[in-house]
Amino acid sequence: MQKHLTYAQLVAPGIYCVDTGFVREQFDASYMVIDGDEVAFIDVGTNYSIPRFLTTLDELGLKTQQVKYIALTHVHLDHAGGAGEMMRACDQAQLLVHPRGARHMIDPSALRAGAVGVYGEEIVEQSYGQLLPVDAARVVEVGEGHQIHLGGRTLHCLDTPGHAKHHIAIWDPISRGVFTGDTFGLSYREFDTAEGAFIMPTTTPIQFDPEALKDSVLRISALKPDCLFPTHFSRINGVERLKGLFLEQLDEIVVLAKQLKDDANRHAMLKDGMAKIHINHLKTMNCKLTAAEITEFLKIDLELNALGICHWLDKS
């Protein structure tokens, strides 16, 4: 019988999905992988998420000294904002991060300044707090082919750009699951139907590259995984169907974006157009939510995705 945990749920043997509490419940996940007496966290939310991780460790009878790794799929703040604070709490851990993201964990000032430039100081402080730097001696750069040894488990890193140039995914042969960060999109449990999970691309914030993203999704799918562990949110099954759903929407979004490239009102038009794309696919899955309810639920994602696409259009 599975033990009841305050913030976490067992989603595969030795793997817990821990709700970080960022934005709302069931929005942002960290995954805790346990093998033998060693623990790894994959993505760690924000500073305000750390008490949830410490509670989960305590409820499972584990100590912070058993945390061997804190691995980041990428350094966007909803995934890595709490890394410095978590490393402070887990003083035996190493931080694993893509080579392009390592410097931002050692000195997070530019990362935070970028967020302040987009959202403003008040919102950044409220959402993320102050970012703590990580001692460079505890940072390990990991990229394509790197192996993470945890107890008797070996996790394999894949370089998966498209959402961000500094993005990795992590393949676990034991669960036959892939920790996908944001590369394989967003999947919210509120959209689940009898057809299965819904998934949609995320194109934020400034490094969206649709061709690289498509290649990364195909690489992940080629592993023939039984499931995915996206940061947003929790385990999903039926990867082949999800791949088709993801790529179909990605193609539709790119067509929409190119049509609106020079439109004076393109930001608003992109949000409206993407909402319609997602609503159409949800309706084919017999989602019972109304179009207005879906649009309101995706309000934050539509805004950020439109910003990312506008940046991509201006670059290209």
# chains A, B, ... in the order shown; residues from 1 in each chain; ligands from 1
>>> residues_around(residues="Gln207 (chain A)", least_positions_apart="4", cutoff="9 Å", atoms="only C-alpha atoms", output="MDAnalysis selection string")
chainID A and resid 161:165 203 308 311:312
>>> write_last_selection(atoms="N, CA, C and O atoms", output="PDB file, in the first residue's frame")
ATOM      1  N   PRO A 161      17.636  20.332 -27.650  1.00  0.00           N
ATOM      2  CA  PRO A 161      17.293  21.742 -27.865  1.00  0.00           C
ATOM      3  C   PRO A 161      15.944  21.892 -28.570  1.00  0.00           C
ATOM      4  O   PRO A 161      15.349  20.919 -29.026  1.00  0.00           O
ATOM      5  N   GLY A 162      15.496  23.124 -28.660  1.00  0.00           N
ATOM      6  CA  GLY A 162      14.233  23.440 -29.339  1.00  0.00           C
ATOM      7  C   GLY A 162      13.391  24.358 -28.480  1.00  0.00           C
ATOM      8  O   GLY A 162      12.903  25.394 -28.929  1.00  0.00           O
ATOM      9  N   HIS A 163      13.225  23.966 -27.222  1.00  0.00           N
ATOM     10  CA  HIS A 163      12.606  24.860 -26.239  1.00  0.00           C
ATOM     11  C   HIS A 163      13.673  25.809 -25.708  1.00  0.00           C
ATOM     12  O   HIS A 163      13.421  26.994 -25.507  1.00  0.00           O
ATOM     13  N   ALA A 164      14.856  25.280 -25.455  1.00  0.00           N
ATOM     14  CA  ALA A 164      16.014  26.067 -25.023  1.00  0.00           C
ATOM     15  C   ALA A 164      17.265  25.379 -25.538  1.00  0.00           C
ATOM     16  O   ALA A 164      17.304  24.152 -25.651  1.00  0.00           O
ATOM     17  N   LYS A 165      18.297  26.171 -25.838  1.00  0.00           N
ATOM     18  CA  LYS A 165      19.541  25.587 -26.336  1.00  0.00           C
ATOM     19  C   LYS A 165      20.265  24.790 -25.257  1.00  0.00           C
ATOM     20  O   LYS A 165      21.097  23.940 -25.568  1.00  0.00           O
ATOM     21  N   THR A 203       6.637  27.319 -26.240  1.00  0.00           N
ATOM     22  CA  THR A 203       7.542  28.026 -27.155  1.00  0.00           C
ATOM     23  C   THR A 203       8.257  29.185 -26.469  1.00  0.00           C
ATOM     24  O   THR A 203       8.734  30.104 -27.124  1.00  0.00           O
ATOM     25  N   GLY A 308       7.364  34.094 -26.973  1.00  0.00           N
ATOM     26  CA  GLY A 308       8.438  33.290 -27.540  1.00  0.00           C
ATOM     27  C   GLY A 308       8.389  33.224 -29.052  1.00  0.00           C
ATOM     28  O   GLY A 308       9.425  33.299 -29.726  1.00  0.00           O
ATOM     29  N   HIS A 311       9.496  36.524 -30.638  1.00  0.00           N
ATOM     30  CA  HIS A 311      10.963  36.633 -30.620  1.00  0.00           C
ATOM     31  C   HIS A 311      11.562  35.793 -31.747  1.00  0.00           C
ATOM     32  O   HIS A 311      12.483  36.236 -32.445  1.00  0.00           O
ATOM     33  N   TRP A 312      11.040  34.595 -31.945  1.00  0.00           N
ATOM     34  CA  TRP A 312      11.527  33.727 -33.010  1.00  0.00           C
ATOM     35  C   TRP A 312      11.290  34.357 -34.376  1.00  0.00           C
ATOM     36  O   TRP A 312      12.168  34.343 -35.258  1.00  0.00           O
TER      37      TRP A 312
END
>>> residues_around(residues="Ser49 (chain A)", least_positions_apart="2", cutoff="9 Å", atoms="only C-alpha atoms", output="VMD selection string")
chain A and resid 19 to 22 44 to 47 51 to 53 82
>>> closest_atom_pairs(of="region 41-91 of chain A", to="region 98-117 of chain A", cutoff="8 Å", atoms="only C-alpha atoms", output="CSV")
residue,atom,partner,partner_atom,distance
A:Leu72,CA,A:His98,CA,7.8
A:Thr73,CA,A:His98,CA,7.7
A:His74,CA,A:Gly101,CA,6.9
A:Val75,CA,A:Gly101,CA,6.1
A:Ala83,CA,A:Met105,CA,7.7
A:Gly84,CA,A:Met105,CA,7.4
>>> select_by_dssp(residues="region 26-208 of chain A", states="alpha helix (DSSP H)", output="PyMOL selection string")
chain A and resi 50-59+77-80+83-89+99-106+109-119+121-127
>>> write_last_selection(atoms="C-alpha atoms", output="short mmCIF file (atom, residue, chain, number, x, y, z; two decimals), in the first residue's frame")
data_model
loop_
_atom_site.label_atom_id
_atom_site.label_comp_id
_atom_site.auth_asym_id
_atom_site.auth_seq_id
_atom_site.Cartn_x
_atom_site.Cartn_y
_atom_site.Cartn_z
CA ILE A 50 12.23 23.67 -1.11
CA PRO A 51 10.15 23.09 2.08
CA ARG A 52 7.98 20.66 0.08
CA PHE A 53 11.03 18.64 -0.94
CA LEU A 54 12.37 18.55 2.61
CA THR A 55 8.96 17.44 3.90
CA THR A 56 8.84 14.66 1.29
CA LEU A 57 12.32 13.44 2.21
CA ASP A 58 11.32 13.41 5.87
CA GLU A 59 8.07 11.56 5.21
CA LEU A 77 13.33 29.65 -13.26
CA ASP A 78 10.30 27.38 -12.87
CA HIS A 79 12.74 24.46 -13.17
CA ALA A 80 15.93 25.82 -11.64
CA ALA A 83 18.62 25.12 -7.29
CA GLY A 84 20.87 27.28 -5.12
CA GLU A 85 18.62 26.95 -2.07
CA MET A 86 18.25 23.18 -2.59
CA MET A 87 22.03 22.79 -2.94
CA ARG A 88 22.44 24.70 0.32
CA ALA A 89 20.01 22.31 2.04
CA PRO A 99 27.17 23.25 -20.26
CA ARG A 100 25.30 26.27 -21.64
CA GLY A 101 23.39 26.67 -18.37
CA ALA A 102 26.17 26.04 -15.84
CA ARG A 103 27.42 29.63 -15.62
CA HIS A 104 23.92 30.84 -14.81
CA MET A 105 23.80 28.57 -11.76
CA ILE A 106 27.26 29.67 -10.58
CA SER A 109 22.49 37.46 -11.54
CA ALA A 110 21.96 37.65 -15.32
CA LEU A 111 19.24 35.00 -15.14
CA ARG A 112 17.34 36.97 -12.53
CA ALA A 113 17.92 40.29 -14.31
CA GLY A 114 16.42 38.80 -17.46
CA ALA A 115 13.33 37.74 -15.54
CA VAL A 116 13.04 41.19 -13.94
CA GLY A 117 13.24 42.72 -17.41
CA VAL A 118 10.23 40.67 -18.52
CA TYR A 119 8.08 40.58 -15.36
CA GLU A 121 11.07 43.15 -9.70
CA GLU A 122 7.92 42.77 -7.61
CA ILE A 123 6.62 39.73 -9.52
CA VAL A 124 10.06 38.08 -9.68
CA GLU A 125 10.56 38.51 -5.93
CA GLN A 126 7.07 37.19 -5.25
CA SER A 127 7.45 34.22 -7.63
#
>>> atom_distance(atom1="CA of Ile294 (chain A)", atom2="CA of Gly81 (chain A)")
27.9 Å
>>> select_by_dssp(residues="region 82-313 of chain A", states="strand (DSSP E)", output="MDAnalysis selection string")
chainID A and resid 94:97 139:141 147:150 153:159 168:172 177:181 227:230 236:237
>>> atom_distance(atom1="CA of Phe198 (chain A)", atom2="CA of Leu213 (chain A)")
18.0 Å
>>> atom_distance(atom1="CA of Ser234 (chain A)", atom2="CA of Val11 (chain A)")
7.8 Å
>>> residues_around(residues="Thr295 (chain A)", least_positions_apart="3", cutoff="9 Å", atoms="only C-alpha atoms", output="list in words")
Asp272, Ala275, Lys276, His278, Ile279, Thr290, Ala291, Ala292, Leu298, Lys299 and Leu302 of chain A
>>> closest_residue(among="A:Met274, A:Ile170, A:Val254, A:Leu186", to="Leu223 (chain A)", atoms="only C-alpha atoms")
A:Ile170
>>> residues_around(residues="His146 (chain A)", least_positions_apart="5", cutoff="8 Å", atoms="only C-alpha atoms", output="compact mmCIF listing (two decimals) with N, CA and C atoms, in the first residue's frame")
# COMPACT_ATOMS: atom_id res chain seq x y z
N HIS A 156 20.50 8.31 -18.42
CA HIS A 156 21.25 8.73 -19.61
C HIS A 156 20.76 10.11 -20.08
N CYS A 157 21.70 11.01 -20.30
CA CYS A 157 21.36 12.38 -20.72
C CYS A 157 21.35 12.49 -22.24
N LEU A 158 20.37 13.22 -22.74
CA LEU A 158 20.27 13.53 -24.17
C LEU A 158 20.22 15.04 -24.34
>>> decode(residues="region 9-20 of chain A", atoms="N, CA and C atoms", output="tab-separated table (two decimals), in the first residue's frame")
chain	number	residue	atom	x	y	z
A	9	GLN	N	3.64	12.00	-5.09
A	9	GLN	CA	2.92	10.79	-5.49
A	9	GLN	C	3.89	9.86	-6.20
A	10	LEU	N	3.83	8.57	-5.87
A	10	LEU	CA	4.66	7.57	-6.55
A	10	LEU	C	4.12	7.39	-7.97
A	11	VAL	N	4.99	7.59	-8.98
A	11	VAL	CA	4.53	7.51	-10.36
A	11	VAL	C	5.21	6.38	-11.15
A	12	ALA	N	6.23	5.78	-10.57
A	12	ALA	CA	6.93	4.64	-11.15
A	12	ALA	C	7.81	4.07	-10.04
A	13	PRO	N	8.28	2.83	-10.16
A	13	PRO	CA	9.14	2.29	-9.11
A	13	PRO	C	10.33	3.19	-8.82
A	14	GLY	N	10.41	3.68	-7.59
A	14	GLY	CA	11.53	4.54	-7.19
A	14	GLY	C	11.43	5.97	-7.66
A	15	ILE	N	10.30	6.37	-8.24
A	15	ILE	CA	10.16	7.74	-8.77
A	15	ILE	C	8.91	8.39	-8.19
A	16	TYR	N	9.12	9.54	-7.57
A	16	TYR	CA	8.02	10.32	-7.02
A	16	TYR	C	7.89	11.64	-7.77
A	17	CYS	N	6.67	12.03	-8.08
A	17	CYS	CA	6.40	13.36	-8.60
A	17	CYS	C	6.06	14.24	-7.41
A	18	VAL	N	6.84	15.30	-7.20
A	18	VAL	CA	6.61	16.23	-6.09
A	18	VAL	C	6.07	17.53	-6.67
A	19	ASP	N	4.90	17.93	-6.22
A	19	ASP	CA	4.28	19.17	-6.67
A	19	ASP	C	5.04	20.34	-6.03
A	20	THR	N	5.62	21.22	-6.85
A	20	THR	CA	6.42	22.33	-6.31
A	20	THR	C	5.58	23.45	-5.74
